[in-house]
file structure-v4.pdb (PDB, C-alpha atoms)
MODEL        1
ATOM      1  CA  MET A   1       0.000   0.000   0.000  1.00  0.00           C
ATOM      2  CA  LYS A   2       1.516   3.283  -1.168  1.00  0.00           C
ATOM      3  CA  SER A   3      -0.688   5.721   0.742  1.00  0.00           C
ATOM      4  CA  ALA A   4      -2.393   5.299   4.084  1.00  0.00           C
ATOM      5  CA  THR A   5      -4.465   8.471   3.736  1.00  0.00           C
ATOM      6  CA  GLY A   6      -5.971   8.157   0.231  1.00  0.00           C
ATOM      7  CA  LEU A   7      -9.400   6.536   0.049  1.00  0.00           C
ATOM      8  CA  THR A   8      -8.433   3.078  -1.242  1.00  0.00           C
ATOM      9  CA  GLY A   9      -4.625   3.024  -1.105  1.00  0.00           C
ATOM     10  CA  SER A  10      -4.646   2.431  -4.861  1.00  0.00           C
ATOM     11  CA  GLY A  11      -4.201   5.273  -7.347  1.00  0.00           C
ATOM     12  CA  SER A  12      -6.155   3.562 -10.114  1.00  0.00           C
ATOM     13  CA  ARG A  13      -8.999   2.666  -7.762  1.00  0.00           C
ATOM     14  CA  ASP A  14      -9.162   6.231  -6.391  1.00  0.00           C
ATOM     15  CA  TRP A  15      -9.147   7.452 -10.019  1.00  0.00           C
ATOM     16  CA  PHE A  16     -12.097   5.196 -10.874  1.00  0.00           C
ATOM     17  CA  ILE A  17     -14.138   6.023  -7.759  1.00  0.00           C
ATOM     18  CA  GLN A  18     -13.541   9.742  -8.336  1.00  0.00           C
ATOM     19  CA  ARG A  19     -15.268   9.433 -11.732  1.00  0.00           C
ATOM     20  CA  VAL A  20     -18.175   7.244 -10.646  1.00  0.00           C
ATOM     21  CA  SER A  21     -18.908   9.563  -7.704  1.00  0.00           C
ATOM     22  CA  ALA A  22     -18.586  12.585 -10.031  1.00  0.00           C
ATOM     23  CA  VAL A  23     -21.348  11.208 -12.285  1.00  0.00           C
ATOM     24  CA  VAL A  24     -23.662  10.521  -9.315  1.00  0.00           C
ATOM     25  CA  LEU A  25     -23.077  14.033  -7.932  1.00  0.00           C
ATOM     26  CA  ALA A  26     -23.613  15.587 -11.379  1.00  0.00           C
ATOM     27  CA  VAL A  27     -26.947  13.758 -11.801  1.00  0.00           C
ATOM     28  CA  TYR A  28     -28.052  14.799  -8.305  1.00  0.00           C
ATOM     29  CA  THR A  29     -27.089  18.430  -8.989  1.00  0.00           C
ATOM     30  CA  VAL A  30     -29.097  18.505 -12.231  1.00  0.00           C
ATOM     31  CA  VAL A  31     -32.151  16.840 -10.634  1.00  0.00           C
ATOM     32  CA  VAL A  32     -32.309  19.056  -7.511  1.00  0.00           C
ATOM     33  CA  PHE A  33     -31.360  22.381  -9.118  1.00  0.00           C
ATOM     34  CA  GLY A  34     -33.458  21.545 -12.170  1.00  0.00           C
ATOM     35  CA  TRP A  35     -36.499  21.022  -9.926  1.00  0.00           C
ATOM     36  CA  ILE A  36     -35.834  24.283  -8.043  1.00  0.00           C
ATOM     37  CA  LEU A  37     -35.491  26.211 -11.338  1.00  0.00           C
ATOM     38  CA  LEU A  38     -38.689  24.681 -12.752  1.00  0.00           C
ATOM     39  CA  ASN A  39     -40.691  25.278  -9.545  1.00  0.00           C
ATOM     40  CA  GLY A  40     -39.935  28.905  -8.667  1.00  0.00           C
ATOM     41  CA  GLY A  41     -41.708  30.102  -5.519  1.00  0.00           C
ATOM     42  CA  PHE A  42     -42.486  26.568  -4.308  1.00  0.00           C
ATOM     43  CA  ASN A  43     -44.024  26.001  -0.856  1.00  0.00           C
ATOM     44  CA  PHE A  44     -43.204  23.494   1.904  1.00  0.00           C
ATOM     45  CA  GLU A  45     -45.647  20.809   0.721  1.00  0.00           C
ATOM     46  CA  GLN A  46     -44.206  20.817  -2.822  1.00  0.00           C
ATOM     47  CA  TRP A  47     -40.594  20.801  -1.552  1.00  0.00           C
ATOM     48  CA  TYR A  48     -41.211  18.069   1.032  1.00  0.00           C
ATOM     49  CA  GLY A  49     -43.328  16.089  -1.440  1.00  0.00           C
ATOM     50  CA  PHE A  50     -40.450  16.149  -3.939  1.00  0.00           C
ATOM     51  CA  MET A  51     -37.417  15.541  -1.701  1.00  0.00           C
ATOM     52  CA  MET A  52     -38.979  12.950   0.602  1.00  0.00           C
ATOM     53  CA  THR A  53     -40.215  10.499  -2.041  1.00  0.00           C
ATOM     54  CA  LEU A  54     -38.360   7.174  -1.910  1.00  0.00           C
ATOM     55  CA  PRO A  55     -36.455   7.704  -5.213  1.00  0.00           C
ATOM     56  CA  MET A  56     -35.196  11.116  -4.016  1.00  0.00           C
ATOM     57  CA  LYS A  57     -34.273   9.750  -0.586  1.00  0.00           C
ATOM     58  CA  ILE A  58     -32.261   6.997  -2.271  1.00  0.00           C
ATOM     59  CA  LEU A  59     -30.660   9.443  -4.730  1.00  0.00           C
ATOM     60  CA  SER A  60     -29.807  11.800  -1.859  1.00  0.00           C
ATOM     61  CA  LEU A  61     -28.127   8.996   0.078  1.00  0.00           C
ATOM     62  CA  LEU A  62     -26.225   7.920  -3.046  1.00  0.00           C
ATOM     63  CA  ALA A  63     -25.124  11.524  -3.543  1.00  0.00           C
ATOM     64  CA  VAL A  64     -23.878  12.001   0.000  1.00  0.00           C
ATOM     65  CA  LEU A  65     -21.991   8.682  -0.071  1.00  0.00           C
ATOM     66  CA  SER A  66     -20.451   9.831  -3.366  1.00  0.00           C
ATOM     67  CA  LEU A  67     -19.559  13.126  -1.694  1.00  0.00           C
ATOM     68  CA  VAL A  68     -17.692  11.240   1.057  1.00  0.00           C
ATOM     69  CA  ALA A  69     -15.502   9.495  -1.507  1.00  0.00           C
ATOM     70  CA  HIS A  70     -15.219  12.428  -3.930  1.00  0.00           C
ATOM     71  CA  ALA A  71     -14.233  15.042  -1.326  1.00  0.00           C
ATOM     72  CA  TRP A  72     -11.874  12.640   0.442  1.00  0.00           C
ATOM     73  CA  ILE A  73     -10.002  11.832  -2.791  1.00  0.00           C
ATOM     74  CA  GLY A  74     -10.105  15.423  -4.091  1.00  0.00           C
ATOM     75  CA  MET A  75      -8.906  17.061  -0.893  1.00  0.00           C
ATOM     76  CA  TRP A  76      -6.209  14.389  -0.532  1.00  0.00           C
ATOM     77  CA  GLN A  77      -4.987  15.306  -4.023  1.00  0.00           C
ATOM     78  CA  VAL A  78      -4.887  19.010  -3.180  1.00  0.00           C
ATOM     79  CA  PHE A  79      -3.050  18.435   0.116  1.00  0.00           C
ATOM     80  CA  THR A  80      -0.497  16.039  -1.358  1.00  0.00           C
ATOM     81  CA  ASP A  81       0.289  18.621  -4.065  1.00  0.00           C
ATOM     82  CA  TYR A  82       0.564  21.767  -1.946  1.00  0.00           C
ATOM     83  CA  VAL A  83       1.145  20.763   1.690  1.00  0.00           C
ATOM     84  CA  THR A  84       4.526  19.160   1.020  1.00  0.00           C
ATOM     85  CA  THR A  85       7.973  19.333   2.594  1.00  0.00           C
ATOM     86  CA  ARG A  86       9.202  20.855  -0.672  1.00  0.00           C
ATOM     87  CA  GLN A  87       6.746  23.754  -0.325  1.00  0.00           C
ATOM     88  CA  MET A  88       6.638  24.161   3.442  1.00  0.00           C
ATOM     89  CA  GLY A  89       9.538  22.358   5.070  1.00  0.00           C
ATOM     90  CA  PRO A  90       9.524  19.483   7.565  1.00  0.00           C
ATOM     91  CA  SER A  91       6.290  20.498   9.313  1.00  0.00           C
ATOM     92  CA  ALA A  92       4.301  19.664   6.157  1.00  0.00           C
ATOM     93  CA  SER A  93       3.925  15.910   6.798  1.00  0.00           C
ATOM     94  CA  GLY A  94       2.344  16.399  10.209  1.00  0.00           C
ATOM     95  CA  LEU A  95       0.132  19.211   8.973  1.00  0.00           C
ATOM     96  CA  ARG A  96      -1.009  17.148   5.974  1.00  0.00           C
ATOM     97  CA  LEU A  97      -1.943  14.263   8.273  1.00  0.00           C
ATOM     98  CA  VAL A  98      -3.992  16.612  10.449  1.00  0.00           C
ATOM     99  CA  LEU A  99      -5.718  18.212   7.418  1.00  0.00           C
ATOM    100  CA  THR A 100      -6.513  14.882   5.763  1.00  0.00           C
ATOM    101  CA  SER A 101      -7.873  13.514   9.059  1.00  0.00           C
ATOM    102  CA  ALA A 102     -10.054  16.611   9.456  1.00  0.00           C
ATOM    103  CA  VAL A 103     -11.467  16.099   5.940  1.00  0.00           C
ATOM    104  CA  ILE A 104     -12.237  12.433   6.636  1.00  0.00           C
ATOM    105  CA  ILE A 105     -14.017  13.290   9.890  1.00  0.00           C
ATOM    106  CA  ALA A 106     -15.904  16.138   8.169  1.00  0.00           C
ATOM    107  CA  VAL A 107     -17.198  14.030   5.262  1.00  0.00           C
ATOM    108  CA  PHE A 108     -18.441  11.338   7.649  1.00  0.00           C
ATOM    109  CA  ALA A 109     -20.169  14.031   9.704  1.00  0.00           C
ATOM    110  CA  TYR A 110     -21.783  15.341   6.481  1.00  0.00           C
ATOM    111  CA  ALA A 111     -23.006  11.817   5.704  1.00  0.00           C
ATOM    112  CA  ILE A 112     -24.436  11.239   9.182  1.00  0.00           C
ATOM    113  CA  TRP A 113     -26.183  14.624   9.061  1.00  0.00           C
ATOM    114  CA  ALA A 114     -27.679  13.884   5.629  1.00  0.00           C
ATOM    115  CA  ILE A 115     -28.855  10.436   6.737  1.00  0.00           C
ATOM    116  CA  GLN A 116     -30.484  12.075   9.755  1.00  0.00           C
ATOM    117  CA  ILE A 117     -32.271  14.595   7.459  1.00  0.00           C
ATOM    118  CA  PHE A 118     -33.597  12.012   5.020  1.00  0.00           C
ATOM    119  CA  TRP A 119     -34.047   8.828   7.016  1.00  0.00           C
ATOM    120  CA  ALA A 120     -34.597   9.746  10.668  1.00  0.00           C
ATOM    121  CA  ASN A 121     -38.170  10.986  10.394  1.00  0.00           C
TER     122      ASN A 121
ATOM    123  CA  MET B   1      17.708   8.690 -10.193  1.00  0.00           C
ATOM    124  CA  LYS B   2      18.484  12.119  -8.803  1.00  0.00           C
ATOM    125  CA  SER B   3      17.042  14.920 -10.900  1.00  0.00           C
ATOM    126  CA  ASN B   4      18.564  18.369 -10.822  1.00  0.00           C
ATOM    127  CA  ARG B   5      15.555  20.151 -12.247  1.00  0.00           C
ATOM    128  CA  PRO B   6      14.793  23.389 -10.421  1.00  0.00           C
ATOM    129  CA  VAL B   7      11.694  22.837  -8.330  1.00  0.00           C
ATOM    130  CA  ASN B   8      11.506  25.985  -6.236  1.00  0.00           C
ATOM    131  CA  LEU B   9      10.141  28.338  -8.863  1.00  0.00           C
ATOM    132  CA  SER B  10       9.072  31.694  -7.519  1.00  0.00           C
ATOM    133  CA  MET B  11       5.330  32.309  -7.290  1.00  0.00           C
ATOM    134  CA  GLY B  12       5.726  35.235  -9.710  1.00  0.00           C
ATOM    135  CA  GLN B  13       7.260  32.936 -12.309  1.00  0.00           C
ATOM    136  CA  VAL B  14       4.577  30.278 -11.784  1.00  0.00           C
ATOM    137  CA  LEU B  15       1.807  32.853 -12.174  1.00  0.00           C
ATOM    138  CA  SER B  16       3.310  34.618 -15.194  1.00  0.00           C
ATOM    139  CA  VAL B  17       3.477  31.359 -17.126  1.00  0.00           C
ATOM    140  CA  ASN B  18       0.173  29.878 -15.971  1.00  0.00           C
ATOM    141  CA  LEU B  19      -2.022  32.949 -16.239  1.00  0.00           C
ATOM    142  CA  LYS B  20      -1.411  32.942 -20.001  1.00  0.00           C
ATOM    143  CA  SER B  21      -2.863  29.452 -20.345  1.00  0.00           C
ATOM    144  CA  PRO B  22      -6.627  28.851 -20.261  1.00  0.00           C
ATOM    145  CA  VAL B  23      -5.852  25.188 -19.514  1.00  0.00           C
ATOM    146  CA  ALA B  24      -3.868  26.087 -16.378  1.00  0.00           C
ATOM    147  CA  ILE B  25      -6.504  28.593 -15.225  1.00  0.00           C
ATOM    148  CA  ALA B  26      -9.296  26.052 -15.769  1.00  0.00           C
ATOM    149  CA  SER B  27      -7.305  23.455 -13.809  1.00  0.00           C
ATOM    150  CA  ILE B  28      -6.521  25.543 -10.727  1.00  0.00           C
ATOM    151  CA  LEU B  29     -10.113  26.864 -10.626  1.00  0.00           C
ATOM    152  CA  HIS B  30     -11.370  23.267 -10.720  1.00  0.00           C
ATOM    153  CA  ARG B  31      -9.384  22.616  -7.541  1.00  0.00           C
ATOM    154  CA  LEU B  32     -10.289  25.898  -5.882  1.00  0.00           C
ATOM    155  CA  SER B  33     -14.012  25.470  -6.625  1.00  0.00           C
ATOM    156  CA  GLY B  34     -13.900  21.914  -5.248  1.00  0.00           C
ATOM    157  CA  VAL B  35     -12.395  23.140  -1.979  1.00  0.00           C
ATOM    158  CA  ILE B  36     -14.982  25.959  -1.714  1.00  0.00           C
ATOM    159  CA  VAL B  37     -17.918  23.604  -2.341  1.00  0.00           C
ATOM    160  CA  PHE B  38     -16.533  21.102   0.193  1.00  0.00           C
ATOM    161  CA  LEU B  39     -16.204  23.830   2.858  1.00  0.00           C
ATOM    162  CA  LEU B  40     -19.719  25.236   2.274  1.00  0.00           C
ATOM    163  CA  VAL B  41     -21.598  21.903   2.313  1.00  0.00           C
ATOM    164  CA  PRO B  42     -22.495  22.380   6.032  1.00  0.00           C
ATOM    165  CA  VAL B  43     -24.332  25.645   5.238  1.00  0.00           C
ATOM    166  CA  LEU B  44     -26.398  23.883   2.567  1.00  0.00           C
ATOM    167  CA  LEU B  45     -27.058  20.882   4.834  1.00  0.00           C
ATOM    168  CA  TRP B  46     -28.227  23.287   7.536  1.00  0.00           C
ATOM    169  CA  LEU B  47     -30.649  25.003   5.117  1.00  0.00           C
ATOM    170  CA  LEU B  48     -31.804  21.636   3.732  1.00  0.00           C
ATOM    171  CA  ASP B  49     -32.361  20.235   7.231  1.00  0.00           C
ATOM    172  CA  LYS B  50     -34.377  23.283   8.333  1.00  0.00           C
ATOM    173  CA  SER B  51     -36.410  23.510   5.122  1.00  0.00           C
ATOM    174  CA  LEU B  52     -37.504  19.862   5.332  1.00  0.00           C
ATOM    175  CA  SER B  53     -38.054  19.742   9.109  1.00  0.00           C
ATOM    176  CA  SER B  54     -41.532  21.348   9.188  1.00  0.00           C
ATOM    177  CA  PRO B  55     -43.627  24.095   7.535  1.00  0.00           C
ATOM    178  CA  GLU B  56     -42.303  26.412  10.291  1.00  0.00           C
ATOM    179  CA  GLY B  57     -38.702  25.435   9.479  1.00  0.00           C
ATOM    180  CA  PHE B  58     -39.381  26.093   5.786  1.00  0.00           C
ATOM    181  CA  ALA B  59     -40.748  29.546   6.648  1.00  0.00           C
ATOM    182  CA  GLU B  60     -37.622  30.189   8.735  1.00  0.00           C
ATOM    183  CA  VAL B  61     -35.419  29.384   5.731  1.00  0.00           C
ATOM    184  CA  GLN B  62     -37.482  31.858   3.681  1.00  0.00           C
ATOM    185  CA  GLU B  63     -36.816  34.434   6.429  1.00  0.00           C
ATOM    186  CA  ILE B  64     -33.100  33.606   6.384  1.00  0.00           C
ATOM    187  CA  PHE B  65     -33.043  34.136   2.593  1.00  0.00           C
ATOM    188  CA  ASN B  66     -34.248  37.699   3.112  1.00  0.00           C
ATOM    189  CA  GLY B  67     -30.788  38.418   4.512  1.00  0.00           C
ATOM    190  CA  PHE B  68     -28.107  39.409   2.029  1.00  0.00           C
ATOM    191  CA  PHE B  69     -25.296  37.492   3.735  1.00  0.00           C
ATOM    192  CA  VAL B  70     -26.843  34.020   3.480  1.00  0.00           C
ATOM    193  CA  ARG B  71     -27.914  34.646  -0.120  1.00  0.00           C
ATOM    194  CA  PHE B  72     -24.338  35.661  -0.900  1.00  0.00           C
ATOM    195  CA  ILE B  73     -22.897  32.520   0.742  1.00  0.00           C
ATOM    196  CA  VAL B  74     -25.393  30.336  -1.153  1.00  0.00           C
ATOM    197  CA  TRP B  75     -24.378  32.102  -4.373  1.00  0.00           C
ATOM    198  CA  VAL B  76     -20.677  31.391  -3.650  1.00  0.00           C
ATOM    199  CA  PHE B  77     -21.619  27.709  -3.190  1.00  0.00           C
ATOM    200  CA  VAL B  78     -23.676  27.642  -6.394  1.00  0.00           C
ATOM    201  CA  ALA B  79     -20.916  29.480  -8.293  1.00  0.00           C
ATOM    202  CA  GLY B  80     -18.349  26.923  -7.119  1.00  0.00           C
ATOM    203  CA  LEU B  81     -20.705  24.096  -8.027  1.00  0.00           C
ATOM    204  CA  ILE B  82     -21.417  25.501 -11.523  1.00  0.00           C
ATOM    205  CA  TYR B  83     -17.707  25.809 -12.273  1.00  0.00           C
ATOM    206  CA  HIS B  84     -16.787  22.450 -10.729  1.00  0.00           C
ATOM    207  CA  PHE B  85     -19.634  20.772 -12.659  1.00  0.00           C
ATOM    208  CA  ILE B  86     -18.636  22.210 -16.049  1.00  0.00           C
ATOM    209  CA  ALA B  87     -14.905  21.601 -15.500  1.00  0.00           C
ATOM    210  CA  GLY B  88     -15.787  18.076 -14.342  1.00  0.00           C
ATOM    211  CA  VAL B  89     -17.746  17.360 -17.533  1.00  0.00           C
ATOM    212  CA  LYS B  90     -14.758  18.628 -19.535  1.00  0.00           C
ATOM    213  CA  HIS B  91     -12.494  16.325 -17.518  1.00  0.00           C
ATOM    214  CA  LEU B  92     -14.735  13.268 -18.058  1.00  0.00           C
ATOM    215  CA  LEU B  93     -14.895  14.057 -21.791  1.00  0.00           C
ATOM    216  CA  ALA B  94     -11.083  14.220 -21.876  1.00  0.00           C
ATOM    217  CA  ASP B  95     -11.006  10.804 -20.170  1.00  0.00           C
ATOM    218  CA  LEU B  96     -13.132   9.539 -23.086  1.00  0.00           C
ATOM    219  CA  GLY B  97     -10.640  11.038 -25.543  1.00  0.00           C
ATOM    220  CA  VAL B  98     -12.647  14.177 -26.400  1.00  0.00           C
ATOM    221  CA  ALA B  99     -10.660  17.454 -26.497  1.00  0.00           C
ATOM    222  CA  GLU B 100      -7.532  16.039 -24.889  1.00  0.00           C
ATOM    223  CA  GLU B 101      -5.020  17.370 -27.438  1.00  0.00           C
ATOM    224  CA  LEU B 102      -3.157  20.653 -26.915  1.00  0.00           C
ATOM    225  CA  GLN B 103      -5.270  22.845 -29.195  1.00  0.00           C
ATOM    226  CA  SER B 104      -8.627  21.157 -28.554  1.00  0.00           C
ATOM    227  CA  GLY B 105      -7.831  21.209 -24.821  1.00  0.00           C
ATOM    228  CA  ARG B 106      -7.279  24.961 -24.967  1.00  0.00           C
ATOM    229  CA  VAL B 107     -10.565  25.429 -26.790  1.00  0.00           C
ATOM    230  CA  ALA B 108     -12.404  23.197 -24.283  1.00  0.00           C
ATOM    231  CA  ALA B 109     -10.882  25.090 -21.328  1.00  0.00           C
ATOM    232  CA  THR B 110     -11.905  28.436 -22.843  1.00  0.00           C
ATOM    233  CA  ILE B 111     -15.456  27.194 -23.490  1.00  0.00           C
ATOM    234  CA  ALA B 112     -15.674  25.890 -19.901  1.00  0.00           C
ATOM    235  CA  LEU B 113     -14.499  29.251 -18.521  1.00  0.00           C
ATOM    236  CA  VAL B 114     -16.949  31.261 -20.661  1.00  0.00           C
ATOM    237  CA  LEU B 115     -19.944  28.978 -19.962  1.00  0.00           C
ATOM    238  CA  SER B 116     -19.314  29.039 -16.215  1.00  0.00           C
ATOM    239  CA  ALA B 117     -18.845  32.812 -16.192  1.00  0.00           C
ATOM    240  CA  ILE B 118     -22.287  33.155 -17.813  1.00  0.00           C
ATOM    241  CA  GLY B 119     -23.839  30.648 -15.394  1.00  0.00           C
ATOM    242  CA  ILE B 120     -22.228  32.250 -12.337  1.00  0.00           C
ATOM    243  CA  LEU B 121     -23.392  35.705 -13.425  1.00  0.00           C
ATOM    244  CA  ALA B 122     -26.945  34.417 -13.999  1.00  0.00           C
ATOM    245  CA  ALA B 123     -26.850  32.773 -10.557  1.00  0.00           C
ATOM    246  CA  PHE B 124     -25.767  36.099  -9.038  1.00  0.00           C
ATOM    247  CA  VAL B 125     -28.739  37.909 -10.594  1.00  0.00           C
ATOM    248  CA  TRP B 126     -31.095  35.111  -9.533  1.00  0.00           C
ATOM    249  CA  ILE B 127     -29.866  34.491  -5.971  1.00  0.00           C
ATOM    250  CA  VAL B 128     -28.214  37.668  -4.663  1.00  0.00           C
ATOM    251  CA  LEU B 129     -30.100  40.496  -6.389  1.00  0.00           C
TER     252      LEU B 129
ENDMDL
END
call {"tool": "encode", "arguments": {"input": "structure-v4.pdb", "output": "structure tokens"}}
result
Amino acid sequence: MKSATGLTGSGSRDWFIQRVSAVVLAVYTVVVFGWILLNGGFNFEQWYGFMMTLPMKILSLLAVLSLVAHAWIGMWQVFTDYVTTRQMGPSASGLRLVLTSAVIIAVFAYAIWAIQIFWAN
Amino acid sequence: MKSNRPVNLSMGQVLSVNLKSPVAIASILHRLSGVIVFLLVPVLLWLLDKSLSSPEGFAEVQEIFNGFFVRFIVWVFVAGLIYHFIAGVKHLLADLGVAEELQSGRVAATIALVLSAIGILAAFVWIVL
């Protein structure tokens, strides 16, 4: 295993997951923002009636799980490019570990929050 | 193998080269927009949570949207998402072999920048104003 902090420890697998999750997130973006654009001035009943149908609850969960993977891999890429000993000196490795850990904790918190919104009631 | 290439280029040198290239600009903005969207997800989750909690919560979100600051933050999120979406489509197309050559890549990057600028401006008019 080359990297302990990437999502899968495999560059090609991270590459693949980044693209699958991108497509899911793109579809979700089009569906939700498309609905909002087509239903200007919507009220609570319309909004709730759209978002809380089973297909939308499933799509929302798929999207947030994709976000976990996508943000983890993406932020890892950014940190490994810019928070490096070459750019910042010896403190970079420790800082990168802290930053990557914070991202991982954050994306799981996002997921738990989203699950609570869509599946707790 | 030890390489003796210079790696500590000054920021001025990096910028002067990269700011002339639509491909480089499109690339760094793809990263920047991804980071912005990632950081602002909690704001959107908060609004989503409130708006779906009850009719009262929905009305509260409508109240919140009367304030300029929240509308501006939501616009920043939407702007980041519009750019990241368009740059992402360009990236996936390049993975499929579309517009991955030097010239076609430059054209694709320019189109992505122009399309997102239009979308981000429209979002500003729609959300903030």
call {"tool": "closest_atom_pairs", "arguments": {"input": "structure-v4.pdb", "of": "chain B", "to": "chain A", "cutoff": "6 Å", "atoms": "all atoms listed in the file", "output": "Markdown table"}}
result
| residue | atom | partner | partner_atom | distance |
| --- | --- | --- | --- | --- |
| B:Asp49 | CA | A:Ile117 | CA | 5.6 |
| B:Leu52 | CA | A:Tyr48 | CA | 6.0 |
| B:Pro55 | CA | A:Phe44 | CA | 5.7 |
call {"tool": "resolve_selection", "arguments": {"input": "structure-v4.pdb", "expression": "the PyMOL selection byres ((chain A and resi 5) around 9)", "output": "MDAnalysis selection string"}}
result
chainID A and resid 3:4 6:9 76 97 100:101
call {"tool": "resolve_selection", "arguments": {"input": "structure-v4.pdb", "expression": "the PyMOL selection byres ((chain B and resi 74-86) around 6)", "output": "count of residues only"}}
result
11
call {"tool": "axis_aligned_box", "arguments": {"input": "structure-v4.pdb", "around": "segment 96-103 of chain B", "padding_each_side": "3 Å", "output": "JSON"}}
result
{"center_x": -8.1, "center_y": 16.2, "center_z": -26.1, "size_x": 16.0, "size_y": 19.3, "size_z": 12.1}
call {"tool": "atom_distance", "arguments": {"input": "structure-v4.pdb", "atom1": "atom CA of Trp126 of chain B", "atom2": "atom CA of Ile36 of chain B"}}
result
20.1 Å
call {"tool": "resolve_selection", "arguments": {"input": "structure-v4.pdb", "expression": "the PyMOL selection byres ((chain B and resi 110) around 12)", "output": "list in words"}}
result
Lys20, Ser21, Pro22, Val23, Ala24, Ile25, Ala26, Ser27, Ile86, Ala87, Lys90, Ala99, Gln103, Ser104, Gly105, Arg106, Val107, Ala108, Ala109, Ile111, Ala112, Leu113, Val114, Leu115, Ser116 and Ala117 of chain B
call {"tool": "closest_residue", "arguments": {"input": "structure-v4.pdb", "among": "A:Phe42, A:Leu59, A:Thr53, A:Ile112", "to": "Ser51 of chain B", "atoms": "all atoms listed in the file"}}
result
A:Phe42
call {"tool": "atom_distance", "arguments": {"input": "structure-v4.pdb", "atom1": "atom CA of Leu61 of chain A", "atom2": "atom CA of Leu39 of chain B"}}
result
19.2 Å
call {"tool": "atom_distance", "arguments": {"input": "structure-v4.pdb", "atom1": "atom CA of Val35 of chain B", "atom2": "atom CA of Gln62 of chain B"}}
result
27.2 Å
call {"tool": "build_atoms", "arguments": {"input": "structure-v4.pdb", "residues": "segment 95-108 of chain B", "atoms": "N, CA and C atoms", "output": "compact mmCIF listing (two decimals), keeping the file's coordinate frame"}}
result
# COMPACT_ATOMS: atom_id res chain seq x y z
N ASP B 95 -11.26 12.22 -20.49
CA ASP B 95 -11.01 10.80 -20.17
C ASP B 95 -11.49 9.89 -21.30
N LEU B 96 -12.58 10.34 -21.98
CA LEU B 96 -13.13 9.54 -23.09
C LEU B 96 -12.41 9.83 -24.40
N GLY B 97 -11.43 10.74 -24.35
CA GLY B 97 -10.64 11.04 -25.54
C GLY B 97 -11.13 12.25 -26.31
N VAL B 98 -12.11 12.99 -25.73
CA VAL B 98 -12.65 14.18 -26.40
C VAL B 98 -11.90 15.41 -25.91
N ALA B 99 -11.35 16.20 -26.83
CA ALA B 99 -10.66 17.45 -26.50
C ALA B 99 -9.53 17.24 -25.50
N GLU B 100 -8.66 16.28 -25.79
CA GLU B 100 -7.53 16.04 -24.89
C GLU B 100 -6.20 16.42 -25.54
N GLU B 101 -6.26 16.91 -26.79
CA GLU B 101 -5.02 17.37 -27.44
C GLU B 101 -4.74 18.81 -27.01
N LEU B 102 -3.55 19.32 -27.37
CA LEU B 102 -3.16 20.65 -26.92
C LEU B 102 -4.14 21.72 -27.36
N GLN B 103 -4.40 21.78 -28.69
CA GLN B 103 -5.27 22.84 -29.20
C GLN B 103 -6.73 22.65 -28.76
N SER B 104 -7.23 21.42 -28.93
CA SER B 104 -8.63 21.16 -28.55
C SER B 104 -8.81 21.33 -27.05
N GLY B 105 -7.77 21.02 -26.27
CA GLY B 105 -7.83 21.21 -24.82
C GLY B 105 -7.94 22.68 -24.46
N ARG B 106 -7.20 23.52 -25.20
CA ARG B 106 -7.28 24.96 -24.97
C ARG B 106 -8.67 25.49 -25.29
N VAL B 107 -9.22 25.00 -26.40
CA VAL B 107 -10.56 25.43 -26.79
C VAL B 107 -11.58 24.99 -25.72
N ALA B 108 -11.46 23.72 -25.28
CA ALA B 108 -12.40 23.20 -24.28
C ALA B 108 -12.30 23.99 -22.98
